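Below: the structure, in structure tokens.
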Amino acid sequence: MLWLYLHFPHLLLDHIRRDREDQRPLVIVEGTGQRVTQACPEARDQGVRAGMRLKTAINLVPELGMVRAQPEQEARILEDQARWLYRYAAHIVLVPPDGLLAEIGSLQKLYGGLPAVWQTVEQALNEHRLTAWIAIGHTPLAARLIARAGKGECTADKGHILRALETMPLVAAEFDGKTCTRLQRLGLNTLGEVFALPAAELARRLSPETLAHVQKIQGTRPDPQTPWQPPHSFRQQADFIQEIEHTQGLLFPLQRMFSELEDDLCWRQQDTDSLHLILRHRHEEDTRLRIRTSGPEHRAEAFLNLIRLRLEQQPLRAPVVALVLSVKRFLGREASTSQDLLGENQDLNEAWHTLISRLQARLGEQALKRLSPQADHRPERAWSATEVRQKHKTRLAAPEHLPRRPLWLLQGPQPLTEPPAAWFAGPERISGGWWDGQRVHRDYYIAQLQNGQLAWIFRDVREGWFIHGWFG
Amino acid sequence: MSELLNTLMQDARVWQGHRHRRTTQPAEPTGYQVLDNQLGGIGWPRGALSECLLDAPGIGELHLLLPLMQRLTKAGKSVFWLNPPHTPYAPALAREGVDLDQVVMIHTEDAGDFLWTLENCLRSPVTGLVLAWPGKLATREVRRLQLAAEAGSNVCVLFRERRYAEQNSPAALRLELTPGDNQDLKVNVVKRRGSWPGQRCSLAMAHRADLTFREAPRVVQGPWNHSQR
């Protein structure tokens, strides 16, 4: 087994910086708000260092942006990294707060050698604009120690790895504080000197745990790791330092999130038809947006167009401090018949979904209706309007057996104000609805009004005359 | 001078009256032979606006488009009804053989949304026919719609009031519709592209209420002044 360890020295900083358009100095402050823990290159250029007191840092750079580190946020961001790494390696272990471990011994054959694996991971890190220190070790702990020391090399040679470990100072070996002090009092300074001690003595004089730690580094004791399972949903969050007040400002981070969603969907070989977008505000309740496409979709561009339309219609209630995109519903991808060999034949089905999604995003889902006849004798109940969803085929039994009806039906019957010029057909008695309280008892006639309109009129039980439709 | 004239004559942009031929613009037959003849044998222009000018619904204006609707929905093209004044009655459409899966009814809140929706529908390749009831439209907006219609290749019919017949409009075809005496529909071509307007015809529309073989039973009442014995 061979392990690859990724140590992210300033993960939170990278996460925030990649959703920012301006590059002003930025630092991450520890939970208590006293000290700077991570500083971006711009801040470091002006003299801000990790470990510095926050007051000092602000004196050095007055326009400094600050973000307070939160453990749960860091855990979430680490999981985001595991998600993309999962595309390259199967056995991944999260090492909170800032490390990822991947088993790569089994990948060498797939990628064609260790250097290729190394290169793939480095390239992926570049694409995600992340800084990470990489190291390879024959045990998880060895890989971790070398990575955190920043001495990672692309080698599978056990002897070479052990030599690198032996020169490492005792402080970097992650013994607990008490053990470390005791070992130093014994006059030991490097890990190599600890390795040289007899195992039985180490356990007796110090503690069995210390021996276990040393053996896990060396690889003489098994160190089982539970693999991480990727979740069956997609979730991305962008955090902003400056609150975003205009929808235009949201499009930049959204663009990146949608392209990651597209990658994720392509990799899953799935599509989705609903997105959930949560806009977090500082003092107000979150704005929740649900965007539906009319059909399965995976292209970032299509999602971006829909969200742009939606945001144009719905201005922001309050400035936005964070943005969460989640997708829980996945659909199997159909074979794309979008283009023929010459790329000339546009897929009408896809064009239909695009059009309907666009219209629904701007006008609302209620604005578009599809009509269908219903089995009822009462004219106002003999039809229904449903929302336009998937394109589906409904077959009517025998449309020609339907009775003669006008093409226009009025929203409600209108009283007839003048006597018709000519009577044609009728009466046709329609009586029903005693079963649900919407009683209808009418005699219908076809008549022409004075101005030439052909109307469908009826007389009800109260002897009133009404127009119910036009023969358009 | 004559040389200059000759070069001008060669120019395709100069249109000479005696060379009047059938236009070659893409079109869809209306399904009514009489009307097709009046429209130069072509019918509804595709990729252009058409206007139907009428005062009140119920004179056969939908039946004028029904053959086209039937043909397009069978061919898998969508028919959009944009802001219809009343409800298109589904059982009647189904009875006439219109595939309701292809029919989408859209209601918009304001004029901005209306124009935007219409433009989007017109530009899409899935659209076969758009029926729109725009209400008030500025000439500039009609022009904008005409440009959008040119981008696509589908039939777009705007239903407007008859008083707009006096105004000029960039639409390619304008028909004035009035009811006739025997439930027929009188069509007056106010404008058509590529030829002279002014054709008139009358389309039998009595079948829209199954009145083909029935004469209107008119009540003849007395008293008669010159009664003869």
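Identifiers in the structure tokens: chain A, B, ... in order shown; residue index from 1 per chain; ligand index from 1 in order shown.
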
Contact set, chain A to chain B: 8 Å, only C-alpha atoms, as a VMD selection string: chain A and resid 348 to 349 351 to 352 355 359 363 367 to 374 382 to 384 388 391 to 394 399 to 411 422 to 424 446 451 to 455 470 to 472

File of the preceding selection, N, CA and C atoms, as a compact mmCIF listing (two decimals), in the first residue's frame:
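Final output, part-v5.txt:
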# COMPACT_ATOMS: atom_id res chain seq x y z
N LEU A 348 -34.97 18.90 -31.70
CA LEU A 348 -36.15 19.70 -31.37
C LEU A 348 -36.56 19.51 -29.93
N ASN A 349 -36.37 18.29 -29.44
CA ASN A 349 -36.74 18.01 -28.06
C ASN A 349 -35.96 18.91 -27.11
N ALA A 351 -34.48 21.73 -27.87
CA ALA A 351 -34.86 23.12 -28.09
C ALA A 351 -36.17 23.43 -27.37
N TRP A 352 -37.06 22.46 -27.35
CA TRP A 352 -38.34 22.64 -26.68
C TRP A 352 -38.12 22.85 -25.19
N LEU A 355 -36.65 26.30 -24.49
CA LEU A 355 -37.63 27.38 -24.62
C LEU A 355 -38.55 27.41 -23.41
N LEU A 359 -38.99 30.41 -20.58
CA LEU A 359 -40.26 31.09 -20.35
C LEU A 359 -40.69 30.93 -18.90
N LEU A 363 -41.44 34.01 -16.46
CA LEU A 363 -42.86 34.31 -16.23
C LEU A 363 -43.42 33.60 -15.01
N ALA A 367 -47.57 30.57 -15.36
CA ALA A 367 -47.97 31.33 -16.54
C ALA A 367 -48.16 30.44 -17.76
N LEU A 368 -47.51 29.30 -17.76
CA LEU A 368 -47.61 28.41 -18.91
C LEU A 368 -48.58 27.28 -18.60
N LYS A 369 -49.49 27.05 -19.51
CA LYS A 369 -50.49 26.02 -19.25
C LYS A 369 -50.62 25.12 -20.47
N ARG A 370 -50.93 23.88 -20.16
CA ARG A 370 -51.25 22.95 -21.22
C ARG A 370 -52.70 22.52 -21.03
N LEU A 371 -53.43 22.44 -22.13
CA LEU A 371 -54.86 22.18 -22.03
C LEU A 371 -55.15 20.70 -22.28
N SER A 372 -56.18 20.23 -21.61
CA SER A 372 -56.62 18.87 -21.92
C SER A 372 -58.10 18.74 -21.59
N PRO A 373 -58.81 17.93 -22.37
CA PRO A 373 -60.22 17.72 -22.07
C PRO A 373 -60.40 16.81 -20.86
N GLN A 374 -61.48 16.98 -20.17
CA GLN A 374 -61.78 16.13 -19.02
C GLN A 374 -63.13 15.48 -19.25
N ALA A 382 -65.21 20.46 -18.26
CA ALA A 382 -64.82 19.51 -19.30
C ALA A 382 -63.43 19.78 -19.84
N TRP A 383 -62.72 20.72 -19.22
CA TRP A 383 -61.34 20.98 -19.64
C TRP A 383 -60.50 21.25 -18.41
N SER A 384 -59.19 21.13 -18.55
CA SER A 384 -58.32 21.46 -17.44
C SER A 384 -57.02 22.03 -17.99
N VAL A 388 -46.87 22.97 -17.51
CA VAL A 388 -46.10 22.30 -18.55
C VAL A 388 -44.89 21.65 -17.91
N LYS A 391 -42.44 16.59 -21.69
CA LYS A 391 -43.24 16.39 -22.88
C LYS A 391 -43.75 14.95 -22.87
N HIS A 392 -45.04 14.80 -22.75
CA HIS A 392 -45.53 13.42 -22.72
C HIS A 392 -46.68 13.29 -23.69
N LYS A 393 -46.97 12.10 -24.00
CA LYS A 393 -48.02 11.84 -24.98
C LYS A 393 -49.27 11.35 -24.26
N THR A 394 -50.35 12.07 -24.45
CA THR A 394 -51.62 11.57 -23.95
C THR A 394 -52.51 11.32 -25.15
N PRO A 399 -61.59 11.39 -30.31
CA PRO A 399 -61.96 12.80 -30.24
C PRO A 399 -63.19 13.13 -31.08
N GLU A 400 -63.43 12.34 -32.13
CA GLU A 400 -64.55 12.72 -32.99
C GLU A 400 -65.90 12.44 -32.33
N HIS A 401 -65.89 11.66 -31.21
CA HIS A 401 -67.15 11.40 -30.53
C HIS A 401 -67.52 12.50 -29.54
N LEU A 402 -66.60 13.44 -29.37
CA LEU A 402 -66.91 14.55 -28.47
C LEU A 402 -68.03 15.39 -29.10
N PRO A 403 -68.90 15.98 -28.27
CA PRO A 403 -69.98 16.78 -28.84
C PRO A 403 -69.44 18.08 -29.45
N ARG A 404 -70.24 18.72 -30.28
CA ARG A 404 -69.87 19.99 -30.91
C ARG A 404 -69.81 21.08 -29.85
N ARG A 405 -68.66 21.71 -29.75
CA ARG A 405 -68.47 22.75 -28.74
C ARG A 405 -67.79 23.95 -29.40
N PRO A 406 -67.96 25.15 -28.83
CA PRO A 406 -67.28 26.32 -29.40
C PRO A 406 -65.79 26.31 -29.07
N LEU A 407 -65.00 26.99 -29.89
CA LEU A 407 -63.56 27.01 -29.65
C LEU A 407 -63.19 27.98 -28.52
N TRP A 408 -64.03 28.96 -28.30
CA TRP A 408 -63.78 29.88 -27.18
C TRP A 408 -64.76 29.57 -26.07
N LEU A 409 -64.27 29.46 -24.85
CA LEU A 409 -65.15 29.36 -23.69
C LEU A 409 -64.88 30.60 -22.84
N LEU A 410 -65.94 31.28 -22.44
CA LEU A 410 -65.74 32.47 -21.61
C LEU A 410 -65.30 32.05 -20.20
N GLN A 411 -64.62 32.96 -19.52
CA GLN A 411 -64.13 32.64 -18.16
C GLN A 411 -65.30 32.29 -17.25
N ALA A 422 -80.56 35.44 -34.90
CA ALA A 422 -81.06 34.19 -35.47
C ALA A 422 -80.71 33.04 -34.55
N TRP A 423 -81.64 32.08 -34.50
CA TRP A 423 -81.42 30.88 -33.68
C TRP A 423 -81.07 29.73 -34.59
N PHE A 424 -80.13 28.91 -34.20
CA PHE A 424 -79.78 27.80 -35.06
C PHE A 424 -80.07 26.45 -34.42
N ILE A 446 -77.36 27.45 -30.03
CA ILE A 446 -76.40 28.18 -30.85
C ILE A 446 -77.17 29.29 -31.53
N ASN A 451 -74.38 41.54 -34.14
CA ASN A 451 -73.16 41.97 -34.83
C ASN A 451 -72.46 40.82 -35.55
N GLY A 452 -73.12 39.68 -35.68
CA GLY A 452 -72.56 38.62 -36.49
C GLY A 452 -71.81 37.56 -35.72
N GLN A 453 -71.64 37.73 -34.41
CA GLN A 453 -70.93 36.72 -33.62
C GLN A 453 -71.80 35.49 -33.45
N LEU A 454 -71.19 34.34 -33.58
CA LEU A 454 -71.92 33.09 -33.37
C LEU A 454 -71.66 32.65 -31.93
N ALA A 455 -72.72 32.60 -31.15
CA ALA A 455 -72.54 32.40 -29.71
C ALA A 455 -73.17 31.10 -29.26
N TRP A 470 -67.93 31.37 -27.70
CA TRP A 470 -67.99 31.90 -29.07
C TRP A 470 -67.50 30.84 -30.03
N PHE A 471 -68.20 30.73 -31.15
CA PHE A 471 -67.71 29.82 -32.20
C PHE A 471 -66.69 30.57 -33.04
N GLY A 472 -65.47 30.57 -32.56
CA GLY A 472 -64.42 31.38 -33.18
C GLY A 472 -63.93 30.79 -34.48

Give me the residues near Arg317 in chain A as a ChimeraX atom specification, where near means some atom within 12 Å (using only C-alpha atoms) and where sequence neighbours in that chain fewer than 4 positions away do not count. /A:244-247,279-288,311

Please identify all polymer residues within 9 Å of range 461-465 of chain A, counting only C-alpha atoms, omitting same-chain residues fewer than 2 positions from it, and present them as a list in words.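 Listing them by chain and then by number gives Gln414, Pro415, Leu416, Thr417, Val440, His441, Arg442, Asp443, Ile457, Phe458, Arg459 and Ile467 of chain A.
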
Output for the residues just chosen: N, CA and C atoms as a PDB file, in the first residue's frame:
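Ended up saving to out-v4.pdb:
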ATOM      1  N   GLN A 414     -71.622  35.072 -19.322  1.00  0.00           N
ATOM      2  CA  GLN A 414     -71.953  36.498 -19.300  1.00  0.00           C
ATOM      3  C   GLN A 414     -73.417  36.651 -19.663  1.00  0.00           C
ATOM      4  N   PRO A 415     -74.125  37.548 -19.000  1.00  0.00           N
ATOM      5  CA  PRO A 415     -75.547  37.703 -19.319  1.00  0.00           C
ATOM      6  C   PRO A 415     -75.753  38.171 -20.752  1.00  0.00           C
ATOM      7  N   LEU A 416     -76.778  37.665 -21.365  1.00  0.00           N
ATOM      8  CA  LEU A 416     -77.101  38.046 -22.739  1.00  0.00           C
ATOM      9  C   LEU A 416     -77.908  39.336 -22.675  1.00  0.00           C
ATOM     10  N   THR A 417     -77.422  40.382 -23.345  1.00  0.00           N
ATOM     11  CA  THR A 417     -78.050  41.701 -23.187  1.00  0.00           C
ATOM     12  C   THR A 417     -79.048  42.011 -24.286  1.00  0.00           C
ATOM     13  N   VAL A 440     -75.584  21.980 -12.201  1.00  0.00           N
ATOM     14  CA  VAL A 440     -75.750  22.692 -13.470  1.00  0.00           C
ATOM     15  C   VAL A 440     -76.978  22.113 -14.148  1.00  0.00           C
ATOM     16  N   HIS A 441     -77.891  22.998 -14.547  1.00  0.00           N
ATOM     17  CA  HIS A 441     -79.084  22.525 -15.239  1.00  0.00           C
ATOM     18  C   HIS A 441     -79.418  23.564 -16.306  1.00  0.00           C
ATOM     19  N   ARG A 442     -78.975  23.311 -17.540  1.00  0.00           N
ATOM     20  CA  ARG A 442     -79.057  24.363 -18.550  1.00  0.00           C
ATOM     21  C   ARG A 442     -79.504  23.796 -19.890  1.00  0.00           C
ATOM     22  N   ASP A 443     -80.133  24.678 -20.681  1.00  0.00           N
ATOM     23  CA  ASP A 443     -80.447  24.346 -22.071  1.00  0.00           C
ATOM     24  C   ASP A 443     -79.576  25.209 -22.962  1.00  0.00           C
ATOM     25  N   ILE A 457     -75.182  29.969 -26.263  1.00  0.00           N
ATOM     26  CA  ILE A 457     -75.883  30.600 -25.153  1.00  0.00           C
ATOM     27  C   ILE A 457     -76.750  29.578 -24.451  1.00  0.00           C
ATOM     28  N   PHE A 458     -77.061  29.865 -23.207  1.00  0.00           N
ATOM     29  CA  PHE A 458     -77.886  28.909 -22.464  1.00  0.00           C
ATOM     30  C   PHE A 458     -78.903  29.627 -21.596  1.00  0.00           C
ATOM     31  N   ARG A 459     -79.905  28.898 -21.250  1.00  0.00           N
ATOM     32  CA  ARG A 459     -80.892  29.379 -20.289  1.00  0.00           C
ATOM     33  C   ARG A 459     -80.835  28.444 -19.101  1.00  0.00           C
ATOM     34  N   ILE A 467     -74.365  34.002 -22.205  1.00  0.00           N
ATOM     35  CA  ILE A 467     -73.440  33.567 -23.266  1.00  0.00           C
ATOM     36  C   ILE A 467     -72.336  32.773 -22.606  1.00  0.00           C
TER      37      ILE A 467
END

So, counting only C-alpha atoms, which residue among B:Val34, B:Pro45, B:Trp133, B:Gln70 is closest to Lys186 in chain B?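 Ranked by minimum distance to Lys186 in chain B, first place goes to B:Val34.
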
Would you pick out the contacts of Gln184 in chain A at 12 Å or less, using only C-alpha atoms, so that residues sharing its chain but fewer than 4 positions from it are not included, and give the list as a list in words?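 Final neighbour list, sorted by chain and number: Pro169, Leu170, Val171, Phe175, Gly177, Lys178, Thr179, Cys180, Leu188, Asn189, Thr190, Leu191, Glu193 and Val194 of chain A.
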
Option closest in space to Ser294 in chain A, from A:Arg358, A:Arg35, A:Lys151, A:His138 [counting only C-alpha atoms]: A:Arg358

DSSP strand (DSSP E) selection over range 68-132 of chain B, as a ChimeraX atom specification: /B:78-82,87-88,103-106,127-132

Please list as a PyMOL selection string every residue within 12 Å of Val155 in chain B, counting only C-alpha atoms and excluding residues in the same chain fewer than 6 positions away. chain B and resi 26-30+43-51+65+68-69+72+77-80+118+121-132+146+148-149+171-173

Extract the full set of helix (DSSP H, G or I) residues from range 2-209 of chain B according to DSSP on the backbone, and format it as a ChimeraX atom specification. /B:2-10,17-19,33-38,61-74,90-95,100-102,111-123,139-151,162-165,206-209
